[in-house]
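File shown: protein35.cif. Contents: mmCIF, C-alpha atoms.
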```
data_entry
loop_
_atom_site.group_PDB
_atom_site.id
_atom_site.type_symbol
_atom_site.label_atom_id
_atom_site.label_comp_id
_atom_site.auth_asym_id
_atom_site.auth_seq_id
_atom_site.Cartn_x
_atom_site.Cartn_y
_atom_site.Cartn_z
ATOM 1 C CA MET A 1287 -19.664 -13.960 -27.213
ATOM 2 C CA TRP A 1288 -19.430 -15.457 -30.713
ATOM 3 C CA PHE A 1289 -18.365 -12.048 -31.955
ATOM 4 C CA PHE A 1290 -15.329 -11.953 -29.656
ATOM 5 C CA GLN A 1291 -14.516 -15.563 -30.495
ATOM 6 C CA ARG A 1292 -14.591 -14.652 -34.193
ATOM 7 C CA LEU A 1293 -12.199 -11.752 -33.577
ATOM 8 C CA GLN A 1294 -9.850 -14.024 -31.661
ATOM 9 C CA ASP A 1295 -9.967 -16.692 -34.386
ATOM 10 C CA SER A 1296 -9.795 -14.220 -37.285
ATOM 11 C CA GLU A 1297 -7.307 -14.166 -40.152
ATOM 12 C CA PHE A 1298 -5.930 -10.976 -38.642
ATOM 13 C CA THR A 1299 -5.173 -12.682 -35.326
ATOM 14 C CA ASN A 1300 -3.502 -15.622 -37.048
ATOM 15 C CA TRP A 1301 -1.336 -13.323 -39.092
ATOM 16 C CA PHE A 1302 -0.596 -10.961 -36.206
ATOM 17 C CA LEU A 1303 0.403 -13.613 -33.673
ATOM 18 C CA GLY A 1304 1.803 -16.152 -36.119
ATOM 19 C CA SER A 1305 4.087 -13.844 -38.068
ATOM 20 C CA ASP A 1306 7.811 -14.187 -37.496
ATOM 21 C CA SER A 1307 8.226 -10.466 -38.086
ATOM 22 C CA ILE A 1308 9.124 -8.256 -35.139
ATOM 23 C CA TRP A 1309 6.839 -5.592 -36.638
ATOM 24 C CA THR A 1310 3.587 -7.260 -35.610
ATOM 25 C CA TYR A 1311 2.958 -8.444 -32.036
ATOM 26 C CA PRO A 1312 6.345 -7.460 -30.502
ATOM 27 C CA THR A 1313 6.188 -3.902 -31.864
ATOM 28 C CA VAL A 1314 2.586 -3.290 -30.801
ATOM 29 C CA LEU A 1315 3.408 -4.713 -27.357
ATOM 30 C CA THR A 1316 6.408 -2.378 -27.133
ATOM 31 C CA LEU A 1317 4.277 0.605 -28.215
ATOM 32 C CA HIS A 1318 1.889 -0.332 -25.402
ATOM 33 C CA THR A 1319 4.844 -0.099 -22.986
ATOM 34 C CA VAL A 1320 6.031 3.238 -24.441
ATOM 35 C CA GLY A 1321 2.483 4.601 -24.087
ATOM 36 C CA MET A 1322 2.393 3.343 -20.492
ATOM 37 C CA ALA A 1323 5.661 5.118 -19.686
ATOM 38 C CA MET A 1324 4.226 8.379 -21.081
ATOM 39 C CA LEU A 1325 0.743 8.063 -19.557
ATOM 40 C CA VAL A 1326 1.608 6.641 -16.138
ATOM 41 C CA GLY A 1327 4.992 8.388 -15.923
ATOM 42 C CA ALA A 1328 3.511 11.849 -16.584
ATOM 43 C CA SER A 1329 0.480 11.130 -14.380
ATOM 44 C CA ILE A 1330 2.620 10.057 -11.435
ATOM 45 C CA VAL A 1331 4.720 13.233 -11.741
ATOM 46 C CA VAL A 1332 1.505 15.316 -11.684
ATOM 47 C CA HIS A 1333 0.270 13.491 -8.598
ATOM 48 C CA LEU A 1334 3.627 13.752 -6.831
ATOM 49 C CA ARG A 1335 3.538 17.518 -7.445
ATOM 50 C CA VAL A 1336 0.036 17.726 -5.959
ATOM 51 C CA LEU A 1337 1.413 15.800 -2.972
ATOM 52 C CA GLN A 1338 3.997 18.621 -2.604
ATOM 53 C CA VAL A 1339 7.042 16.903 -4.064
ATOM 54 C CA ALA A 1340 8.801 19.742 -5.950
ATOM 55 C CA PRO A 1341 6.626 22.510 -4.413
ATOM 56 C CA GLY A 1342 8.402 25.122 -6.553
ATOM 57 C CA PHE A 1343 7.064 23.582 -9.786
ATOM 58 C CA PRO A 1344 4.181 25.874 -10.836
ATOM 59 C CA LEU A 1345 0.869 23.989 -10.674
ATOM 60 C CA ASP A 1346 -0.461 25.578 -13.882
ATOM 61 C CA ARG A 1347 2.549 24.239 -15.828
ATOM 62 C CA LEU A 1348 1.440 20.683 -15.084
ATOM 63 C CA SER A 1349 -0.820 21.101 -18.123
ATOM 64 C CA GLY A 1350 2.231 20.232 -20.265
ATOM 65 C CA LEU A 1351 2.414 16.867 -18.504
ATOM 66 C CA TYR A 1352 -1.280 16.268 -19.176
ATOM 67 C CA ARG A 1353 -0.557 16.631 -22.904
ATOM 68 C CA ILE A 1354 2.148 13.956 -22.670
ATOM 69 C CA ALA A 1355 -0.213 11.741 -20.681
ATOM 70 C CA TRP A 1356 -2.982 12.074 -23.306
ATOM 71 C CA VAL A 1357 -0.590 11.199 -26.142
ATOM 72 C CA GLY A 1358 0.447 8.128 -24.144
ATOM 73 C CA PHE A 1359 -3.210 7.275 -23.579
ATOM 74 C CA LEU A 1360 -3.958 7.550 -27.293
ATOM 75 C CA ILE A 1361 -1.019 5.247 -28.151
ATOM 76 C CA ASN A 1362 -2.267 2.719 -25.598
ATOM 77 C CA LEU A 1363 -5.895 2.953 -26.650
ATOM 78 C CA ILE A 1364 -4.945 2.077 -30.228
ATOM 79 C CA SER A 1365 -2.327 -0.579 -29.382
ATOM 80 C CA GLY A 1366 -4.647 -1.904 -26.674
ATOM 81 C CA VAL A 1367 -7.525 -2.384 -29.117
ATOM 82 C CA VAL A 1368 -5.205 -4.320 -31.467
ATOM 83 C CA LEU A 1369 -3.930 -6.524 -28.621
ATOM 84 C CA PHE A 1370 -7.513 -7.040 -27.408
ATOM 85 C CA ILE A 1371 -8.700 -8.262 -30.817
ATOM 86 C CA THR A 1372 -6.142 -11.073 -30.792
ATOM 87 C CA GLU A 1373 -7.420 -12.436 -27.477
ATOM 88 C CA ALA A 1374 -10.920 -10.945 -27.424
ATOM 89 C CA ALA A 1375 -12.830 -14.008 -26.215
ATOM 90 C CA ASP A 1376 -10.348 -14.764 -23.418
ATOM 91 C CA ARG A 1377 -10.277 -11.156 -22.246
ATOM 92 C CA VAL A 1378 -14.047 -10.508 -22.096
ATOM 93 C CA ALA A 1379 -14.254 -13.523 -19.778
ATOM 94 C CA ASP A 1380 -11.323 -12.386 -17.628
ATOM 95 C CA PRO A 1381 -12.208 -10.396 -14.479
ATOM 96 C CA VAL A 1382 -8.640 -9.092 -14.251
ATOM 97 C CA PHE A 1383 -9.165 -7.298 -17.577
ATOM 98 C CA TYR A 1384 -12.112 -5.381 -16.101
ATOM 99 C CA VAL A 1385 -10.058 -4.498 -13.022
ATOM 100 C CA LYS A 1386 -7.430 -3.051 -15.362
ATOM 101 C CA LEU A 1387 -9.941 -1.063 -17.461
ATOM 102 C CA GLY A 1388 -11.822 0.133 -14.369
ATOM 103 C CA SER A 1389 -8.736 1.349 -12.554
ATOM 104 C CA ILE A 1390 -7.495 3.153 -15.676
ATOM 105 C CA GLY A 1391 -10.885 4.809 -16.162
ATOM 106 C CA VAL A 1392 -11.097 6.047 -12.573
ATOM 107 C CA ALA A 1393 -7.417 7.123 -12.491
ATOM 108 C CA LEU A 1394 -7.945 9.204 -15.664
ATOM 109 C CA TRP A 1395 -11.105 10.729 -14.226
ATOM 110 C CA LEU A 1396 -9.291 11.686 -10.985
ATOM 111 C CA GLY A 1397 -6.585 13.304 -13.098
ATOM 112 C CA VAL A 1398 -9.203 15.359 -14.946
ATOM 113 C CA LEU A 1399 -10.791 16.439 -11.637
ATOM 114 C CA ILE A 1400 -7.403 17.553 -10.291
ATOM 115 C CA LYS A 1401 -6.779 19.520 -13.472
ATOM 116 C CA ARG A 1402 -10.116 21.318 -13.067
ATOM 117 C CA TRP A 1403 -9.587 22.058 -9.375
ATOM 118 C CA LEU A 1404 -5.941 23.056 -9.206
ATOM 119 C CA ILE A 1405 -4.696 23.848 -12.675
ATOM 120 C CA ASP A 1406 -7.378 25.303 -14.959
ATOM 121 C CA ARG A 1407 -8.841 27.672 -12.379
ATOM 122 C CA PRO A 1408 -6.723 27.723 -9.242
ATOM 123 C CA GLY A 1409 -9.184 28.326 -6.436
ATOM 124 C CA PRO A 1410 -9.197 28.256 -2.663
ATOM 125 C CA THR A 1411 -6.522 26.096 -1.072
ATOM 126 C CA THR A 1412 -9.272 24.119 0.667
ATOM 127 C CA LYS A 1413 -9.391 22.040 -2.516
ATOM 128 C CA LEU A 1414 -5.743 21.083 -2.074
ATOM 129 C CA ARG A 1415 -6.421 18.560 0.698
ATOM 130 C CA ALA A 1416 -9.113 16.882 -1.379
ATOM 131 C CA ALA A 1417 -6.875 16.903 -4.451
ATOM 132 C CA GLN A 1418 -4.074 15.284 -2.473
ATOM 133 C CA PHE A 1419 -6.407 12.498 -1.465
ATOM 134 C CA LEU A 1420 -7.376 12.034 -5.117
ATOM 135 C CA SER A 1421 -3.703 12.009 -6.154
ATOM 136 C CA LEU A 1422 -2.841 9.317 -3.645
ATOM 137 C CA THR A 1423 -5.804 7.270 -4.862
ATOM 138 C CA ALA A 1424 -4.833 7.773 -8.510
ATOM 139 C CA ILE A 1425 -1.256 6.579 -7.903
ATOM 140 C CA GLY A 1426 -2.698 3.495 -6.223
ATOM 141 C CA LEU A 1427 -5.016 2.885 -9.186
ATOM 142 C CA TRP A 1428 -2.149 3.167 -11.703
ATOM 143 C CA ILE A 1429 -0.275 0.535 -9.709
ATOM 144 C CA VAL A 1430 -3.380 -1.692 -9.740
ATOM 145 C CA ALA A 1431 -3.701 -1.208 -13.524
ATOM 146 C CA ILE A 1432 -0.050 -2.196 -14.100
ATOM 147 C CA VAL A 1433 -0.247 -5.260 -11.849
ATOM 148 C CA ALA A 1434 -3.517 -6.318 -13.517
ATOM 149 C CA GLY A 1435 -1.950 -5.878 -16.962
ATOM 150 C CA ARG A 1436 0.990 -8.047 -15.969
ATOM 151 C CA LEU A 1437 -1.265 -10.709 -14.447
ATOM 152 C CA MET A 1438 -3.292 -10.939 -17.665
ATOM 153 C CA ALA A 1439 -0.212 -12.252 -19.453
ATOM 154 C CA TYR A 1440 -0.041 -15.106 -16.944
ATOM 155 C CA LEU A 1441 -3.746 -15.935 -17.066
ATOM 156 C CA LYS A 1442 -3.621 -16.207 -20.850
ATOM 157 C CA LYS A 1443 -4.918 -19.497 -22.164
ATOM 158 C CA MET B 731 29.985 -16.476 -19.809
ATOM 159 C CA ALA B 732 28.046 -19.683 -20.497
ATOM 160 C CA GLY B 733 30.006 -21.309 -17.676
ATOM 161 C CA PHE B 734 29.096 -18.474 -15.344
ATOM 162 C CA SER B 735 25.421 -18.747 -16.336
ATOM 163 C CA SER B 736 25.414 -22.476 -15.643
ATOM 164 C CA TRP B 737 27.104 -21.981 -12.300
ATOM 165 C CA LEU B 738 24.685 -19.194 -11.274
ATOM 166 C CA GLU B 739 21.694 -21.221 -12.358
ATOM 167 C CA SER B 740 22.906 -24.192 -10.309
ATOM 168 C CA THR B 741 23.237 -22.198 -7.076
ATOM 169 C CA ALA B 742 20.748 -22.769 -4.270
ATOM 170 C CA ILE B 743 19.702 -19.093 -4.299
ATOM 171 C CA SER B 744 18.851 -19.133 -8.007
ATOM 172 C CA LYS B 745 16.804 -22.315 -7.652
ATOM 173 C CA ALA B 746 15.057 -21.121 -4.508
ATOM 174 C CA LEU B 747 14.070 -17.769 -6.035
ATOM 175 C CA PHE B 748 12.930 -19.272 -9.343
ATOM 176 C CA GLY B 749 10.989 -21.859 -7.347
ATOM 177 C CA MET B 750 8.755 -19.136 -5.903
ATOM 178 C CA SER B 751 6.197 -18.936 -8.676
ATOM 179 C CA TRP B 752 4.812 -15.568 -7.523
ATOM 180 C CA LEU B 753 8.208 -13.835 -7.449
ATOM 181 C CA TRP B 754 8.675 -13.474 -11.222
ATOM 182 C CA PRO B 755 5.350 -11.743 -11.961
ATOM 183 C CA ALA B 756 5.739 -9.641 -8.795
ATOM 184 C CA CYS B 757 9.164 -8.460 -9.967
ATOM 185 C CA GLU B 758 7.786 -7.741 -13.440
ATOM 186 C CA SER B 759 5.030 -5.566 -11.985
ATOM 187 C CA LEU B 760 7.547 -3.691 -9.834
ATOM 188 C CA HIS B 761 9.856 -3.344 -12.849
ATOM 189 C CA PHE B 762 7.006 -1.687 -14.822
ATOM 190 C CA ILE B 763 6.050 0.633 -11.943
ATOM 191 C CA GLY B 764 9.716 1.562 -11.475
ATOM 192 C CA LEU B 765 10.126 2.356 -15.167
ATOM 193 C CA CYS B 766 7.130 4.710 -15.079
ATOM 194 C CA VAL B 767 8.511 6.625 -12.092
ATOM 195 C CA LEU B 768 12.006 6.692 -13.614
ATOM 196 C CA ILE B 769 10.934 7.871 -17.074
ATOM 197 C CA GLY B 770 8.329 10.226 -15.608
ATOM 198 C CA GLY B 771 10.785 12.020 -13.332
ATOM 199 C CA ALA B 772 13.976 11.843 -15.393
ATOM 200 C CA GLY B 773 12.130 12.419 -18.701
ATOM 201 C CA LEU B 774 10.649 15.657 -17.369
ATOM 202 C CA LEU B 775 14.107 16.986 -16.484
ATOM 203 C CA ASP B 776 15.351 15.837 -19.917
ATOM 204 C CA LEU B 777 12.569 17.777 -21.661
ATOM 205 C CA ARG B 778 13.337 20.836 -19.525
ATOM 206 C CA LEU B 779 17.024 20.660 -20.474
ATOM 207 C CA MET B 780 15.975 20.326 -24.124
ATOM 208 C CA GLY B 781 14.216 23.670 -23.799
ATOM 209 C CA LEU B 782 10.614 22.637 -23.126
ATOM 210 C CA PHE B 783 8.751 23.783 -19.991
ATOM 211 C CA ARG B 784 10.604 27.069 -20.289
ATOM 212 C CA GLY B 785 10.039 29.503 -17.442
ATOM 213 C CA ILE B 786 10.248 26.827 -14.755
ATOM 214 C CA ALA B 787 13.475 26.931 -12.714
ATOM 215 C CA ILE B 788 15.592 23.833 -13.363
ATOM 216 C CA ARG B 789 15.922 23.397 -9.599
ATOM 217 C CA ASP B 790 12.147 22.910 -9.338
ATOM 218 C CA VAL B 791 12.155 20.266 -12.100
ATOM 219 C CA LYS B 792 15.164 18.504 -10.605
ATOM 220 C CA ALA B 793 13.234 18.125 -7.344
ATOM 221 C CA PHE B 794 11.519 15.046 -8.843
ATOM 222 C CA MET B 795 14.871 13.325 -9.353
ATOM 223 C CA PRO B 796 15.036 11.507 -5.984
ATOM 224 C CA TRP B 797 11.853 9.705 -7.092
ATOM 225 C CA ALA B 798 13.325 8.876 -10.487
ATOM 226 C CA ILE B 799 16.419 7.476 -8.777
ATOM 227 C CA GLY B 800 14.133 5.483 -6.497
ATOM 228 C CA GLY B 801 12.439 4.028 -9.586
ATOM 229 C CA PHE B 802 15.851 3.130 -10.988
ATOM 230 C CA VAL B 803 16.875 1.387 -7.747
ATOM 231 C CA VAL B 804 13.644 -0.662 -7.782
ATOM 232 C CA ASN B 805 14.414 -1.706 -11.353
ATOM 233 C CA LEU B 806 18.044 -2.464 -10.579
ATOM 234 C CA ILE B 807 17.022 -4.778 -7.716
ATOM 235 C CA THR B 808 14.251 -6.525 -9.683
ATOM 236 C CA GLY B 809 16.548 -6.714 -12.714
ATOM 237 C CA VAL B 810 19.280 -8.427 -10.686
ATOM 238 C CA LEU B 811 16.662 -10.883 -9.383
ATOM 239 C CA PHE B 812 15.645 -11.733 -12.988
ATOM 240 C CA LEU B 813 19.310 -12.265 -13.785
ATOM 241 C CA ILE B 814 19.863 -14.562 -10.791
ATOM 242 C CA MET B 815 16.744 -16.580 -11.648
ATOM 243 C CA GLN B 816 17.365 -16.985 -15.405
ATOM 244 C CA PRO B 817 20.993 -16.038 -16.154
ATOM 245 C CA HIS B 818 21.166 -17.888 -19.486
ATOM 246 C CA SER B 819 18.347 -15.974 -21.157
ATOM 247 C CA TYR B 820 20.001 -12.642 -20.369
ATOM 248 C CA LEU B 821 23.731 -13.202 -20.523
ATOM 249 C CA SER B 822 23.459 -14.989 -23.877
ATOM 250 C CA SER B 823 21.298 -12.224 -25.382
ATOM 251 C CA GLY B 824 22.855 -9.417 -27.406
ATOM 252 C CA VAL B 825 19.707 -7.351 -26.837
ATOM 253 C CA TRP B 826 20.182 -7.635 -23.075
ATOM 254 C CA TRP B 827 23.783 -6.438 -23.386
ATOM 255 C CA SER B 828 22.531 -3.527 -25.517
ATOM 256 C CA LYS B 829 20.111 -2.704 -22.737
ATOM 257 C CA VAL B 830 22.960 -2.730 -20.208
ATOM 258 C CA ALA B 831 25.015 -0.527 -22.547
ATOM 259 C CA PHE B 832 22.187 2.030 -22.850
ATOM 260 C CA ILE B 833 21.830 2.064 -19.045
ATOM 261 C CA GLY B 834 25.570 2.799 -18.978
ATOM 262 C CA VAL B 835 25.187 5.636 -21.470
ATOM 263 C CA ALA B 836 22.285 7.132 -19.512
ATOM 264 C CA GLY B 837 24.216 6.789 -16.253
ATOM 265 C CA LEU B 838 27.459 8.319 -17.528
ATOM 266 C CA ASN B 839 25.471 11.101 -19.185
ATOM 267 C CA ALA B 840 23.696 11.840 -15.891
ATOM 268 C CA MET B 841 27.022 11.805 -14.040
ATOM 269 C CA PHE B 842 28.494 14.187 -16.599
ATOM 270 C CA PHE B 843 25.525 16.521 -16.103
ATOM 271 C CA GLU B 844 25.735 16.307 -12.331
ATOM 272 C CA THR B 845 29.493 16.912 -12.085
ATOM 273 C CA ARG B 846 30.122 19.304 -14.964
ATOM 274 C CA LEU B 847 26.932 21.097 -15.980
ATOM 275 C CA SER B 848 24.425 21.090 -13.165
ATOM 276 C CA LYS B 849 25.931 24.050 -11.270
ATOM 277 C CA SER B 850 25.722 26.399 -14.251
ATOM 278 C CA ALA B 851 22.355 24.917 -15.280
ATOM 279 C CA LEU B 852 20.870 25.664 -11.858
ATOM 280 C CA ALA B 853 22.233 29.221 -12.069
ATOM 281 C CA LEU B 854 20.417 29.894 -15.362
ATOM 282 C CA SER B 855 17.463 32.231 -15.314
ATOM 283 C CA PRO B 856 14.219 30.241 -15.759
ATOM 284 C CA ASP B 857 13.551 32.045 -19.035
ATOM 285 C CA ALA B 858 17.065 31.656 -20.474
ATOM 286 C CA ALA B 859 17.560 29.810 -23.750
ATOM 287 C CA MET B 860 19.119 26.397 -23.153
ATOM 288 C CA PRO B 861 22.799 26.081 -24.128
ATOM 289 C CA ALA B 862 23.532 23.381 -26.708
ATOM 290 C CA ALA B 863 25.389 21.242 -24.137
ATOM 291 C CA LEU B 864 22.310 20.996 -21.918
ATOM 292 C CA LYS B 865 20.033 20.258 -24.871
ATOM 293 C CA THR B 866 22.365 17.463 -25.946
ATOM 294 C CA VAL B 867 22.552 15.936 -22.466
ATOM 295 C CA GLY B 868 18.749 16.066 -22.148
ATOM 296 C CA ALA B 869 18.137 14.506 -25.572
ATOM 297 C CA LEU B 870 20.744 11.777 -25.015
ATOM 298 C CA SER B 871 19.221 10.896 -21.665
ATOM 299 C CA LEU B 872 15.664 10.710 -23.018
ATOM 300 C CA PHE B 873 16.791 8.628 -26.001
ATOM 301 C CA SER B 874 18.815 6.256 -23.802
ATOM 302 C CA TRP B 875 15.993 5.546 -21.358
ATOM 303 C CA PHE B 876 13.556 4.774 -24.176
ATOM 304 C CA ALA B 877 16.246 2.593 -25.789
ATOM 305 C CA VAL B 878 16.533 0.738 -22.456
ATOM 306 C CA LEU B 879 12.766 0.268 -22.456
ATOM 307 C CA TYR B 880 12.803 -0.907 -26.089
ATOM 308 C CA CYS B 881 15.571 -3.470 -25.521
ATOM 309 C CA GLY B 882 13.887 -4.753 -22.376
ATOM 310 C CA ARG B 883 10.471 -5.201 -23.929
ATOM 311 C CA MET B 884 11.822 -6.660 -27.194
ATOM 312 C CA LEU B 885 14.234 -8.981 -25.408
ATOM 313 C CA PRO B 886 12.117 -12.119 -25.876
ATOM 314 C CA TYR B 887 11.589 -11.367 -29.576
ATOM 315 C CA LEU B 888 14.910 -10.012 -30.816
ATOM 316 C CA GLY B 889 18.241 -11.713 -31.314
ATOM 317 C CA THR B 890 19.583 -14.792 -29.663
ATOM 318 C CA GLY B 891 17.907 -14.950 -26.274
ATOM 319 C CA ASN B 892 16.986 -18.542 -25.503
#
```

Written form, structure tokens:
Amino acid sequence: MWFFQRLQDSEFTNWFLGSDSIWTYPTVLTLHTVGMAMLVGASIVVHLRVLQVAPGFPLDRLSGLYRIAWVGFLINLISGVVLFITEAADRVADPVFYVKLGSIGVALWLGVLIKRWLIDRPGPTTKLRAAQFLSLTAIGLWIVAIVAGRLMAYLKK
Amino acid sequence: MAGFSSWLESTAISKALFGMSWLWPACESLHFIGLCVLIGGAGLLDLRLMGLFRGIAIRDVKAFMPWAIGGFVVNLITGVLFLIMQPHSYLSSGVWWSKVAFIGVAGLNAMFFETRLSKSALALSPDAAMPAALKTVGALSLFSWFAVLYCGRMLPYLGTGN
């Protein structure tokens, strides 16, 4: 616990949150939103396709959307770690933060499963029903992650 | 404009909505979900028009557009609610007006595509090279939507918003 408190009270945090420059907190926060648009935007399109929106869009070409999603994830992992440092002690004690991380983790994992089942080696269509269930679940989890992320801003001390 | 803001803020509807403490965060969450669906669906078509995802018929990429428009409608409604609740912080902000301007650019650009280019675009062979006009429309759209996102997220930190 003291470790997270030290991160939150560090020189870095003071500089990062206290600076008047738009290039510190506001820019990292905005990058986190850009990453979200790429990650969740591309993921939702993949899941909508699995749910038979745009049935003419070739399933194997969804791999291009996975690349966009992973770039978005990388942006948000990095910006997320920076944002976490500045409120580390508050966040490790915040159940909503774990809801957000958990739903992101499971949503990513469902996306990987769908890629294996339908995109990398297209197999029997019996998998489609199961994949559609996973897609519906993943969309729900992305919504949970976004709501949890928003709530965290309100539960900030 | 300041007079209009004061009037709007003094109306019963503005006070009643702002008085519901859950409404603001709920609208913010919806605004974020809407932006993901909008940028996901419209951004994919933009990339296709720019020449990426070659080999896929434009018709099959455009099939996601009803969802993107749905995301836009969600954000229009939640955006208007923000405006009714806190008119001063938006109407007095140059960044907010920039955001509105970029929405206008994206909208006019989409209308131009729909009325002037979409017929010939849909007739293109999936493997055809993209004409410069389509590449430009796609790039302008993608840039505008990210500019909208940038202005929205930076609104509390940039310029004169109070």

I need the output of the PyMOL selection byres ((chain A and resi 1326-1330) around 9) for this file as a ChimeraX atom specification; which residues are they? /A:1321-1325,1331-1335,1351-1355,1358-1359,1394,1397,1421,1424-1425,1428 /B:763,765-771,773-774

Can I get the residues of chain B within 10 Å of chain A, each with the closest pair of atoms and their distance in Å to one decimal, using all atoms listed in the file, sorted chain first then ascending number, as a Markdown table?
```
| residue | atom | partner | partner_atom | distance |
| --- | --- | --- | --- | --- |
| B:Pro755 | CA | A:Arg1436 | CA | 7.0 |
| B:Ala756 | CA | A:Val1433 | CA | 8.0 |
| B:Glu758 | CA | A:Arg1436 | CA | 7.3 |
| B:Ser759 | CA | A:Val1433 | CA | 5.3 |
| B:Leu760 | CA | A:Val1433 | CA | 8.2 |
| B:Phe762 | CA | A:Ile1432 | CA | 7.1 |
| B:Ile763 | CA | A:Ile1429 | CA | 6.7 |
| B:Gly764 | CA | A:Gly1327 | CA | 9.4 |
| B:Leu765 | CA | A:Ala1323 | CA | 6.9 |
| B:Cys766 | CA | A:Gly1327 | CA | 4.3 |
| B:Val767 | CA | A:Gly1327 | CA | 5.5 |
| B:Leu768 | CA | A:Gly1327 | CA | 7.6 |
| B:Ile769 | CA | A:Gly1327 | CA | 6.1 |
| B:Gly770 | CA | A:Gly1327 | CA | 3.8 |
| B:Gly771 | CA | A:Val1331 | CA | 6.4 |
| B:Ala772 | CA | A:Gly1327 | CA | 9.6 |
| B:Gly773 | CA | A:Gly1327 | CA | 8.7 |
| B:Leu774 | CA | A:Ala1328 | CA | 8.1 |
| B:Leu782 | CA | A:Gly1350 | CA | 9.2 |
| B:Phe783 | CA | A:Gly1350 | CA | 7.4 |
| B:Arg784 | CA | A:Arg1347 | CA | 9.6 |
| B:Gly785 | CA | A:Arg1347 | CA | 9.3 |
| B:Ile786 | CA | A:Phe1343 | CA | 6.7 |
| B:Ala787 | CA | A:Phe1343 | CA | 7.8 |
| B:Ile788 | CA | A:Phe1343 | CA | 9.3 |
| B:Arg789 | CA | A:Gly1342 | CA | 8.3 |
| B:Asp790 | CA | A:Phe1343 | CA | 5.1 |
| B:Val791 | CA | A:Phe1343 | CA | 6.5 |
| B:Lys792 | CA | A:Ala1340 | CA | 8.0 |
| B:Ala793 | CA | A:Ala1340 | CA | 4.9 |
| B:Phe794 | CA | A:Ala1340 | CA | 6.1 |
| B:Met795 | CA | A:Ala1340 | CA | 9.5 |
| B:Pro796 | CA | A:Val1339 | CA | 9.8 |
| B:Trp797 | CA | A:Leu1334 | CA | 9.2 |
| B:Ala798 | CA | A:Val1331 | CA | 9.7 |
| B:Phe876 | CA | A:Val1320 | CA | 7.7 |
| B:Leu879 | CA | A:Val1320 | CA | 7.6 |
| B:Tyr880 | CA | A:Thr1316 | CA | 6.6 |
| B:Cys881 | CA | A:Thr1316 | CA | 9.4 |
| B:Gly882 | CA | A:Thr1316 | CA | 9.2 |
| B:Arg883 | CA | A:Thr1316 | CA | 5.9 |
| B:Met884 | CA | A:Pro1312 | CA | 6.4 |
| B:Leu885 | CA | A:Pro1312 | CA | 9.5 |
| B:Pro886 | CA | A:Pro1312 | CA | 8.7 |
| B:Tyr887 | CA | A:Pro1312 | CA | 6.6 |
| B:Leu888 | CA | A:Ile1308 | CA | 7.4 |
```

For atom CA of B:Trp752 and atom CA of B:Gln816, determine how far apart the two atoms are, in Å to one decimal place.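 Separating atom CA of B:Trp752 from atom CA of B:Gln816 is a distance of 14.9 Å.
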
Please provide as a list in words all residues within 8 Å of B:Asn805, with the sequence filter that same-chain residues fewer than 2 positions apart are discarded (counting all atoms listed in the file).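 The contact residues come out as Leu760, His761, Gly764, Leu765, Gly801, Phe802, Val803, Ile807, Thr808 and Gly809 of chain B.
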
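Atom CA of B:Leu747 sits 11.7 Å away from atom CA of B:Val810.
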
Quick one: apply the PyMOL selection byres ((chain B and resi 826) around 10) to the file and drop the selected residues here as a PDB file with C-alpha atoms, keeping the file's coordinate frame.
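New file result38.pdb:
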```pdb
ATOM      1  CA  SER B 819      18.347 -15.974 -21.157  1.00  0.00           C
ATOM      2  CA  TYR B 820      20.001 -12.642 -20.369  1.00  0.00           C
ATOM      3  CA  LEU B 821      23.731 -13.202 -20.523  1.00  0.00           C
ATOM      4  CA  SER B 822      23.459 -14.989 -23.877  1.00  0.00           C
ATOM      5  CA  SER B 823      21.298 -12.224 -25.382  1.00  0.00           C
ATOM      6  CA  GLY B 824      22.855  -9.417 -27.406  1.00  0.00           C
ATOM      7  CA  VAL B 825      19.707  -7.351 -26.837  1.00  0.00           C
ATOM      8  CA  TRP B 827      23.783  -6.438 -23.386  1.00  0.00           C
ATOM      9  CA  SER B 828      22.531  -3.527 -25.517  1.00  0.00           C
ATOM     10  CA  LYS B 829      20.111  -2.704 -22.737  1.00  0.00           C
ATOM     11  CA  VAL B 830      22.960  -2.730 -20.208  1.00  0.00           C
ATOM     12  CA  ALA B 831      25.015  -0.527 -22.547  1.00  0.00           C
ATOM     13  CA  PHE B 832      22.187   2.030 -22.850  1.00  0.00           C
ATOM     14  CA  VAL B 878      16.533   0.738 -22.456  1.00  0.00           C
ATOM     15  CA  CYS B 881      15.571  -3.470 -25.521  1.00  0.00           C
ATOM     16  CA  GLY B 882      13.887  -4.753 -22.376  1.00  0.00           C
ATOM     17  CA  MET B 884      11.822  -6.660 -27.194  1.00  0.00           C
ATOM     18  CA  LEU B 885      14.234  -8.981 -25.408  1.00  0.00           C
ATOM     19  CA  PRO B 886      12.117 -12.119 -25.876  1.00  0.00           C
ATOM     20  CA  LEU B 888      14.910 -10.012 -30.816  1.00  0.00           C
ATOM     21  CA  GLY B 889      18.241 -11.713 -31.314  1.00  0.00           C
ATOM     22  CA  THR B 890      19.583 -14.792 -29.663  1.00  0.00           C
ATOM     23  CA  GLY B 891      17.907 -14.950 -26.274  1.00  0.00           C
TER      24      GLY B 891
END
```

Do you know which residues lie at most 10 Å from (19.8, -17.1, -16.6), with coordinates as in the file and only C-alpha atoms counted, and could you write them as a ChimeraX atom specification? /B:732,734-740,744,812-822,892

Please evaluate the PyMOL selection byres ((chain A and resi 1376-1387) around 12) against the structure above and give the resulting residues as JSON, numbers by chain. {"A": [1287, 1288, 1289, 1290, 1291, 1292, 1293, 1294, 1295, 1362, 1363, 1366, 1367, 1369, 1370, 1371, 1372, 1373, 1374, 1375, 1388, 1389, 1390, 1391, 1392, 1393, 1394, 1427, 1428, 1429, 1430, 1431, 1432, 1433, 1434, 1435, 1436, 1437, 1438, 1439, 1440, 1441, 1442, 1443]}
